[in-house]
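Source file: data_16.csv. Holds: CSV, C-alpha atoms and all ligand atoms.
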chain,number,residue,atom,x,y,z
O,471,MET,CA,0.0,0.0,0.0
O,472,ALA,CA,1.2,3.6,-0.7
O,473,GLU,CA,2.3,5.7,2.3
O,474,LEU,CA,1.1,9.1,3.3
O,475,ALA,CA,3.2,11.6,1.4
O,476,VAL,CA,3.6,13.9,4.5
O,477,ASP,CA,6.3,16.3,3.1
O,478,LYS,CA,4.5,16.7,-0.2
O,479,HIS,CA,1.2,17.5,1.6
O,480,VAL,CA,2.8,20.0,3.9
O,481,LYS,CA,4.4,21.8,0.9
O,482,TYR,CA,1.1,21.8,-1.0
O,483,ILE,CA,-0.8,23.3,2.0
O,484,LEU,CA,1.7,26.0,2.6
O,485,ALA,CA,1.5,27.0,-1.1
O,486,VAL,CA,-2.3,27.1,-1.0
O,487,GLU,CA,-2.3,29.2,2.2
O,488,LYS,CA,-0.2,31.7,0.3
O,489,ASP,CA,-1.5,32.8,-3.1
O,490,SER,CA,-2.2,30.0,-5.5
O,491,PHE,CA,-5.2,29.9,-7.9
O,492,GLU,CA,-7.1,27.9,-5.3
O,493,SER,CA,-6.9,30.5,-2.7
O,494,VAL,CA,-8.2,33.1,-5.2
O,495,VAL,CA,-11.3,31.1,-6.0
O,496,MET,CA,-11.8,30.4,-2.3
O,497,ASP,CA,-11.6,34.2,-1.5
O,498,HIS,CA,-15.0,34.4,0.2
O,499,LEU,CA,-14.5,31.3,2.4
O,500,ARG,CA,-10.9,31.8,3.2
O,501,MET,CA,-11.5,31.5,6.9
O,502,ASN,CA,-12.7,27.9,6.4
O,503,GLY,CA,-9.7,27.3,4.2
O,504,ALA,CA,-7.4,28.6,6.9
O,505,TYR,CA,-9.0,26.1,9.4
O,506,TRP,CA,-8.7,23.2,7.0
O,507,GLY,CA,-5.1,23.9,6.0
O,508,LEU,CA,-3.8,24.8,9.4
O,509,THR,CA,-5.5,21.9,11.2
O,510,ALA,CA,-4.1,19.5,8.6
O,511,LEU,CA,-0.6,21.0,9.1
O,512,ASP,CA,-1.0,20.6,12.9
O,513,LEU,CA,-2.0,16.9,12.5
O,514,LEU,CA,1.0,16.4,10.2
O,515,GLY,CA,3.2,18.0,13.0
O,516,LYS,CA,4.2,21.1,10.9
O,517,LEU,CA,2.1,23.9,12.4
O,518,ASP,CA,5.4,25.7,13.3
O,519,SER,CA,6.0,26.4,9.5
O,520,VAL,CA,3.4,29.2,9.7
O,521,ASN,CA,3.8,32.8,10.6
O,522,VAL,CA,1.4,33.0,13.6
O,523,ASP,CA,1.3,36.8,13.9
O,524,GLU,CA,0.3,37.2,10.3
O,525,VAL,CA,-2.5,34.7,10.6
O,526,ILE,CA,-3.8,36.2,13.9
O,527,SER,CA,-3.8,39.8,12.6
O,528,TRP,CA,-5.7,38.7,9.4
O,529,ILE,CA,-8.3,36.9,11.6
O,530,LEU,CA,-8.9,39.9,13.7
O,531,LYS,CA,-9.4,42.0,10.6
O,532,CYS,CA,-12.2,39.7,9.7
O,533,GLN,CA,-14.1,40.3,12.9
O,534,HIS,CA,-17.2,42.6,12.8
O,535,GLU,CA,-18.8,45.0,15.3
O,536,SER,CA,-21.4,42.3,15.9
O,537,GLY,CA,-18.7,39.9,17.2
O,538,GLY,CA,-19.0,37.5,14.2
O,539,PHE,CA,-16.3,36.8,11.7
O,540,SER,CA,-16.4,36.8,7.9
O,541,GLY,CA,-14.7,34.5,5.4
O,542,ASN,CA,-12.3,37.2,4.5
O,543,ILE,CA,-11.6,40.9,5.0
O,544,GLY,CA,-14.6,43.1,3.8
O,545,HIS,CA,-17.1,40.2,3.6
O,546,ASP,CA,-20.2,39.7,5.8
O,547,PRO,CA,-20.0,37.8,9.1
O,548,HIS,CA,-21.5,34.3,9.3
O,549,ILE,CA,-21.5,31.6,12.0
O,550,LEU,CA,-19.6,29.2,9.6
O,551,TYR,CA,-16.5,31.5,9.6
O,552,THR,CA,-16.9,32.4,13.3
O,553,LEU,CA,-16.3,28.8,14.3
O,554,SER,CA,-13.3,28.5,11.9
O,555,ALA,CA,-11.8,31.7,13.4
O,556,VAL,CA,-12.2,30.4,16.9
O,557,GLN,CA,-10.8,27.0,16.0
O,558,VAL,CA,-7.7,28.5,14.4
O,559,LEU,CA,-7.1,30.7,17.4
O,560,ALA,CA,-7.4,27.6,19.6
O,561,LEU,CA,-4.8,25.8,17.4
O,562,PHE,CA,-2.3,28.6,18.1
O,563,ASN,CA,-3.2,28.9,21.8
O,564,LYS,CA,-4.3,32.4,21.1
O,565,LEU,CA,-8.0,32.5,22.3
O,566,ASP,CA,-6.9,35.3,24.7
O,567,VAL,CA,-6.9,37.8,21.8
O,568,LEU,CA,-10.7,37.5,21.7
O,569,ASP,CA,-13.3,39.5,23.5
O,570,ILE,CA,-15.1,36.3,24.4
O,571,ASP,CA,-18.4,38.0,25.5
O,572,LYS,CA,-18.6,39.7,22.1
O,573,VAL,CA,-18.3,36.5,20.1
O,574,ALA,CA,-20.7,34.7,22.5
O,575,THR,CA,-23.2,37.5,22.1
O,576,TYR,CA,-23.1,37.1,18.3
O,577,ILE,CA,-23.7,33.4,18.5
O,578,THR,CA,-26.4,33.6,21.2
O,579,GLY,CA,-28.3,36.2,19.1
O,580,LEU,CA,-28.6,33.6,16.3
O,581,GLN,CA,-30.7,31.1,18.4
O,582,ASN,CA,-34.3,31.0,17.4
O,583,GLU,CA,-37.4,30.5,19.6
O,584,ASP,CA,-37.7,26.8,18.7
O,585,GLY,CA,-34.0,26.2,19.7
O,586,SER,CA,-32.6,26.1,16.2
O,587,PHE,CA,-29.8,28.4,14.9
O,588,SER,CA,-29.7,30.8,12.0
O,589,GLY,CA,-26.3,31.1,10.1
O,590,ASP,CA,-26.4,34.9,10.0
O,591,MET,CA,-28.8,37.9,10.1
O,592,TRP,CA,-30.6,36.6,7.0
O,593,GLY,CA,-32.0,33.7,8.9
O,594,GLU,CA,-31.2,30.4,7.1
O,595,VAL,CA,-31.7,27.6,9.6
O,596,ASP,CA,-29.7,24.3,9.4
O,597,THR,CA,-28.4,21.8,11.9
O,598,ARG,CA,-24.9,22.7,10.7
O,599,PHE,CA,-25.5,26.0,12.6
O,600,SER,CA,-26.7,24.2,15.7
O,601,TYR,CA,-23.4,22.3,15.8
O,602,ILE,CA,-21.3,25.3,15.1
O,603,ALA,CA,-23.0,27.4,17.9
O,604,ILE,CA,-22.6,24.6,20.4
O,605,CYS,CA,-19.0,23.8,19.4
O,606,CYS,CA,-17.9,27.4,19.4
O,607,LEU,CA,-19.5,28.3,22.8
O,608,SER,CA,-18.1,25.1,24.3
O,609,ILE,CA,-14.6,26.0,23.2
O,610,LEU,CA,-15.2,29.5,24.7
O,611,CYS,CA,-16.5,27.8,27.9
O,612,CYS,CA,-19.8,29.6,27.7
O,613,LEU,CA,-22.4,27.1,26.6
O,614,ASP,CA,-24.6,28.3,29.4
O,615,LYS,CA,-25.4,31.4,27.4
O,616,ILE,CA,-27.8,29.6,25.1
O,617,ASN,CA,-30.9,27.5,25.8
O,618,VAL,CA,-29.2,24.1,25.5
O,619,GLU,CA,-32.4,22.1,26.2
O,620,LYS,CA,-34.2,23.8,23.3
O,621,ALA,CA,-31.1,23.4,21.1
O,622,VAL,CA,-31.1,19.7,21.8
O,623,SER,CA,-34.8,19.3,21.3
O,624,TYR,CA,-34.6,21.0,17.9
O,625,ILE,CA,-31.8,18.7,16.8
O,626,LEU,CA,-33.8,15.7,17.9
O,627,SER,CA,-36.7,17.0,15.8
O,628,CYS,CA,-34.4,16.5,12.8
O,629,LYS,CA,-33.9,12.8,13.5
O,630,ASN,CA,-35.3,10.4,10.9
O,631,LEU,CA,-36.8,6.9,11.0
O,632,ASP,CA,-33.6,5.5,9.5
O,633,GLY,CA,-31.7,6.7,12.5
O,634,GLY,CA,-30.0,9.6,10.6
O,635,PHE,CA,-30.4,13.4,10.8
O,636,GLY,CA,-31.1,16.1,8.2
O,637,CYS,CA,-30.8,19.9,7.8
O,638,THR,CA,-34.2,20.7,9.2
O,639,PRO,CA,-37.2,18.5,10.4
O,640,GLY,CA,-38.1,16.0,7.7
O,641,GLY,CA,-34.9,16.7,5.7
O,642,GLU,CA,-33.1,13.6,4.2
O,643,SER,CA,-30.5,11.9,6.3
O,644,HIS,CA,-27.0,12.9,5.1
O,645,ALA,CA,-23.6,12.0,6.7
O,646,GLY,CA,-22.6,15.7,7.0
O,647,GLN,CA,-25.7,16.6,8.9
O,648,ILE,CA,-25.3,13.5,11.0
O,649,PHE,CA,-21.8,14.6,12.1
O,650,CYS,CA,-23.3,18.0,13.1
O,651,CYS,CA,-26.2,16.5,15.1
O,652,VAL,CA,-24.2,13.7,16.7
O,653,GLY,CA,-21.4,16.2,17.5
O,654,ALA,CA,-23.8,18.7,19.0
O,655,LEU,CA,-25.4,15.9,21.1
O,656,ALA,CA,-22.0,14.6,22.2
O,657,LEU,CA,-20.9,18.1,23.3
O,658,THR,CA,-24.0,18.6,25.3
O,659,GLY,CA,-24.0,15.2,27.0
O,660,SER,CA,-27.1,14.1,25.1
O,661,LEU,CA,-25.9,11.0,23.1
O,662,HIS,CA,-28.4,8.8,25.0
O,663,TYR,CA,-31.1,10.2,22.7
O,664,VAL,CA,-29.4,8.4,19.7
O,665,ASP,CA,-30.4,4.8,18.7
O,666,LYS,CA,-26.7,3.8,18.2
O,667,ASP,CA,-27.3,0.5,16.6
O,668,LEU,CA,-29.8,1.9,14.0
O,669,LEU,CA,-27.6,4.9,13.2
O,670,GLY,CA,-24.4,2.8,13.3
O,671,TRP,CA,-26.0,0.5,10.7
O,672,TRP,CA,-26.9,3.4,8.4
O,673,LEU,CA,-23.4,4.9,8.7
O,674,CYS,CA,-21.5,1.6,8.1
O,675,GLU,CA,-23.6,1.0,5.0
O,676,ARG,CA,-21.9,4.1,3.6
O,677,GLN,CA,-18.8,2.0,2.8
O,678,VAL,CA,-18.6,1.0,-0.9
O,679,LYS,CA,-16.6,-1.6,-2.7
O,680,SER,CA,-13.5,0.6,-3.2
O,681,GLY,CA,-13.3,1.0,0.6
O,682,GLY,CA,-14.4,4.7,0.4
O,683,LEU,CA,-17.5,6.1,2.1
O,684,ASN,CA,-20.4,8.0,0.6
O,685,GLY,CA,-22.6,10.5,2.2
O,686,ARG,CA,-26.0,8.8,1.5
O,687,PRO,CA,-27.3,5.8,-0.3
O,688,GLU,CA,-26.5,5.4,-4.1
O,689,LYS,CA,-24.0,8.3,-4.1
O,690,LEU,CA,-20.3,8.2,-5.0
O,691,PRO,CA,-17.6,7.8,-2.3
O,692,ASP,CA,-15.7,10.9,-1.4
O,693,VAL,CA,-12.7,11.3,0.9
O,694,CYS,CA,-14.5,14.0,3.0
O,695,TYR,CA,-16.9,11.4,4.3
O,696,SER,CA,-14.0,9.6,5.9
O,697,TRP,CA,-14.4,12.5,8.4
O,698,TRP,CA,-18.2,13.0,8.5
O,699,VAL,CA,-19.0,9.2,8.8
O,700,LEU,CA,-16.0,8.0,10.8
O,701,SER,CA,-16.2,10.7,13.4
O,702,SER,CA,-19.9,10.0,13.9
O,703,LEU,CA,-19.2,6.2,14.2
O,704,ILE,CA,-16.6,6.9,16.8
O,705,MET,CA,-18.9,9.1,18.8
O,706,ILE,CA,-21.5,6.4,19.0
O,707,ASP,CA,-18.9,3.6,19.5
O,708,ARG,CA,-19.6,1.7,16.3
O,709,VAL,CA,-16.4,2.4,14.3
O,710,HIS,CA,-15.5,-1.3,14.4
O,711,TRP,CA,-18.4,-1.9,12.0
O,712,ILE,CA,-16.5,-0.7,8.9
O,713,ASP,CA,-13.4,-2.1,7.2
O,714,LYS,CA,-10.7,0.3,8.4
O,715,GLU,CA,-7.9,-1.1,6.3
O,716,LYS,CA,-9.9,-0.6,3.0
O,717,LEU,CA,-10.7,2.9,4.0
O,718,VAL,CA,-7.1,3.8,4.7
O,719,LYS,CA,-6.2,2.4,1.2
O,720,PHE,CA,-9.0,4.5,-0.4
O,721,ILE,CA,-7.7,7.7,1.2
O,722,LEU,CA,-4.1,7.0,0.3
O,723,ASP,CA,-5.2,6.3,-3.3
O,724,CYS,CA,-6.6,9.8,-3.5
O,725,GLN,CA,-3.2,11.5,-2.9
O,726,ASP,CA,-1.3,13.3,-5.6
O,727,VAL,CA,2.0,11.7,-4.6
O,728,GLU,CA,4.0,14.1,-6.9
O,729,ASN,CA,2.7,17.5,-6.1
O,730,GLY,CA,0.9,16.8,-2.8
O,731,GLY,CA,-2.7,17.2,-1.8
O,732,ILE,CA,-5.7,14.8,-1.6
O,733,SER,CA,-8.7,14.7,-3.9
O,734,ASP,CA,-12.3,13.5,-3.5
O,735,ARG,CA,-11.7,10.3,-5.4
O,736,PRO,CA,-8.6,8.7,-7.0
O,737,ASP,CA,-7.2,10.6,-10.0
O,738,ASP,CA,-9.3,13.8,-9.4
O,739,ALA,CA,-7.8,17.2,-8.8
O,740,VAL,CA,-6.7,17.9,-5.2
O,741,ASP,CA,-7.9,20.7,-3.0
O,742,VAL,CA,-7.3,21.8,0.6
O,743,TYR,CA,-10.8,20.7,1.8
O,744,HIS,CA,-10.2,17.1,0.8
O,745,THR,CA,-6.6,17.2,1.9
O,746,TYR,CA,-7.7,18.2,5.4
O,747,PHE,CA,-10.5,15.6,5.6
O,748,GLY,CA,-8.3,12.9,4.2
O,749,VAL,CA,-5.6,13.6,6.8
O,750,ALA,CA,-8.2,13.9,9.6
O,751,GLY,CA,-9.8,10.6,8.5
O,752,LEU,CA,-6.4,8.9,8.6
O,753,SER,CA,-5.9,10.4,12.1
O,754,LEU,CA,-9.2,8.9,13.3
O,755,LEU,CA,-7.9,5.6,11.8
O,756,ASN,CA,-4.8,5.9,14.0
O,757,TYR,CA,-2.5,6.2,10.9
O,758,PRO,CA,1.1,6.2,12.2
O,759,GLY,CA,2.9,9.6,12.7
O,760,LEU,CA,-0.3,11.7,12.8
O,761,LYS,CA,-1.6,13.6,15.8
O,762,ALA,CA,-4.9,12.4,17.2
O,763,ILE,CA,-8.0,14.4,16.4
O,764,ASP,CA,-11.1,14.8,18.6
O,765,PRO,CA,-14.2,13.6,16.7
O,766,ALA,CA,-16.6,16.1,18.3
O,767,TYR,CA,-14.5,19.3,18.3
O,768,ALA,CA,-12.7,18.6,15.0
O,769,LEU,CA,-9.4,19.8,16.6
O,770,PRO,CA,-6.3,17.9,17.6
O,771,VAL,CA,-6.8,16.2,21.0
O,772,ASP,CA,-3.8,18.1,22.6
O,773,VAL,CA,-5.5,21.4,21.6
O,774,VAL,CA,-8.8,20.3,23.2
O,775,ASN,CA,-7.0,19.1,26.3
O,776,ARG,CA,-5.2,22.4,26.6
O,777,ILE,CA,-8.5,24.3,26.4
O,778,PHE,CA,-10.2,22.3,29.1
O,779,PHE,CA,-7.4,20.9,31.3
O,780,SER,CA,-4.7,23.7,31.5
O,781,GLY,CA,-4.5,26.6,33.9
O,801,LIG,C1,-15.6,21.9,12.2
O,801,LIG,C2,-15.5,19.8,10.7
O,801,LIG,C3,-16.3,21.1,11.1
O,801,LIG,C4,-17.4,21.4,10.5
O,801,LIG,C5,-18.3,22.6,10.8
O,801,LIG,C6,-19.9,23.3,8.1
O,801,LIG,C7,-20.1,22.1,9.1
O,801,LIG,C8,-19.7,22.3,10.5
O,801,LIG,C9,-20.5,20.9,8.7
O,801,LIG,C10,-20.8,20.6,7.3
O,801,LIG,C11,-21.5,19.2,7.2
O,801,LIG,C12,-21.9,18.9,5.8
O,801,LIG,C13,-23.2,19.2,5.4
O,801,LIG,C14,-21.0,18.2,5.1
O,801,LIG,C15,-21.3,17.6,3.7
O,801,LIG,C16,-20.6,18.4,2.7
O,801,LIG,C17,-20.8,17.8,1.3
O,801,LIG,C18,-19.7,17.0,0.7
O,801,LIG,C19,-21.9,18.1,0.7
O,801,LIG,C20,-22.1,17.5,-0.6
O,801,LIG,O1,-23.5,17.2,-0.7
O,801,LIG,P1,-23.9,16.6,-2.2
O,801,LIG,O2,-25.4,16.3,-2.1
O,801,LIG,O3,-23.0,15.4,-2.3
O,801,LIG,O4,-23.4,17.6,-3.2
O,801,LIG,P2,-23.3,13.8,-2.2
O,801,LIG,O5,-22.0,13.3,-1.7
O,801,LIG,O6,-24.4,13.6,-1.3
O,801,LIG,O7,-23.5,13.5,-3.7
Same coordinates, now as structure tokens:
Amino acid sequence: MAELAVDKHVKYILAVEKDSFESVVMDHLRMNGAYWGLTALDLLGKLDSVNVDEVISWILKCQHESGGFSGNIGHDPHILYTLSAVQVLALFNKLDVLDIDKVATYITGLQNEDGSFSGDMWGEVDTRFSYIAICCLSILCCLDKINVEKAVSYILSCKNLDGGFGCTPGGESHAGQIFCCVGALALTGSLHYVDKDLLGWWLCERQVKSGGLNGRPEKLPDVCYSWWVLSSLIMIDRVHWIDKEKLVKFILDCQDVENGGISDRPDDAVDVYHTYFGVAGLSLLNYPGLKAIDPAYALPVDVVNRIFFSG
């Protein structure tokens, strides 16, 4: 089996974080790109190749008066970018540059009467935003600022008969949304509401012949589901229901071993999103030499431990 081309991937990520074509097309969601690239570098043990002050000063320029962060300087704030900003600051042990109350006020203001969360002032509701709000406030140690009981009850209203979860009540089960709902339930100590065998069955059925995982029935496998599916299976203690060795091989087959980076499927073009989720998936699979990642916070385990167990 091929090996993980660590040095090539590090080189690829550092180039993307600078000024390649990919970073131009990702201009509006650069904050997410920063989280994907920098977390991958940390898992690969190379976060020290980055100029920390430059990244922090750019992040702070993306913060708005409301407390929320945008995807890049001059864009509108959104909860999606706010979590990425907080996660990157956590990676660098720089959460102290934040006015925590201000960020928490922005997130709290996005909770709706039924417990759901909007992504920004325009009001779109999605279980992705419930996870983000809960994860972000948990990292900032102020989960008590929202109505957790209502947030959990909204998430449970998005649970389907197949054991999975969708974006809104009645929405089709999808592995990405399942990660968000299971993650939010894990972070609020509410996993007892999940039928682990039923959901575990649905999730392990995502593995196809090539060893890769898809996000819902009849769809193509994609490296990113190595994260969304695997992290969910770990949180509900059913990860032994998939063939780990075949999944490792699938992820390694998606590498560009010459120029670095990982793609969605073998022989496709690489990007930083799939590079991150490929590396994160391998970390969940205990691939040698990688730092361990926490399946609920989507941050390296040592970073999570530093937040909660230091000082
Ligand atoms: C901190 C890891 C982390 C996440 C933050 C934004 C977010 C919270 C979660 C996103 C979860 C999600 C919905 C992931 C799925 C993304 C994806 C590949 C969508 C593609 O959907 P389709 O329908 O593709 O285009 P399929 O694979 O179903 O054909």
Task: Site check for ligand LIG 801 (chain O): residues at most 10 Å away, all atoms listed in the file, as a ChimeraX atom specification - done: /O:502,505-506,549-551,553-554,557,596-603,605-606,636-637,643-651,653,683-695,697-699,701,734,743-744,746-747,750,765-769
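What separates atom CA of O:Val486 from atom CA of O:Gly731 is a distance of 9.9 Å.
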Edge lengths and centre in Å to one decimal, as AutoDock Vina command-line options, of the axis-aligned box that encloses all listed atoms of stretch 594-603 of chain O with 4 Å added on every side?
--center_x -26.5 --center_y 26.1 --center_z 12.5 --size_x 18.4 --size_y 16.6 --size_z 18.8
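Separating atom CA of O:Gly633 from atom CA of O:Leu752 is a distance of 25.7 Å.
Computed from the coordinates, the atom CA of O:Val664 to atom CA of O:Val749 distance equals 27.6 Å.
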Task: Non-local contacts of O:Ser536 (10 Å; all atoms listed in the file; under 5 positions in same chain excluded) as a VMD selection string - done: chain O and resid 547 572 to 573 575 to 577 579
Open item on the list: Using all atoms listed in the file for the distances, tell me which of O:Leu514, O:Cys532, O:Leu499, O:Leu755 is nearest to O:His710.
Closed with: O:Leu755
- [ ] Just the residues within 7 Å of stretch 517-530 of chain O, please, counting only C-alpha atoms, with nothing from its chain fewer than 5 positions along; format it as a PyMOL selection string.
- [x] chain O and resi 508+511-512+555
Open item on the list: Could you check the closest approach to O:Leu754 for each of O:Ser586, O:Asn775, O:Asn729, O:Ser702 and tell me which residue wins, using all atoms listed in the file?
Closed with: O:Ser702
Open item on the list: Which residues are close to O:Cys724, i.e. within 12 Å by all atoms listed in the file, leaving aside same-chain residues fewer than 4 positions away? Reply as a PyMOL selection string.
Closed with: chain O and resi 472-475+680-682+691-694+696+717-720+728+730-741+744-745+747-749
Open item on the list: I'd like the neighbourhood of O:Gly515 as a PyMOL selection string, where a residue qualifies if any of its atoms comes within 10 Å (using only C-alpha atoms), though same-chain residues fewer than 5 positions away should be ignored.
Closed with: chain O and resi 476+480+509-510+759-761
Please produce a file of those selected residues containing C-alpha atoms, as a PDB file, in the coordinates of the input.
ATOM      1  CA  VAL O 476       3.600  13.900   4.500  1.00  0.00           C
ATOM      2  CA  VAL O 480       2.800  20.000   3.900  1.00  0.00           C
ATOM      3  CA  THR O 509      -5.500  21.900  11.200  1.00  0.00           C
ATOM      4  CA  ALA O 510      -4.100  19.500   8.600  1.00  0.00           C
ATOM      5  CA  GLY O 759       2.900   9.600  12.700  1.00  0.00           C
ATOM      6  CA  LEU O 760      -0.300  11.700  12.800  1.00  0.00           C
ATOM      7  CA  LYS O 761      -1.600  13.600  15.800  1.00  0.00           C
TER       8      LYS O 761
END
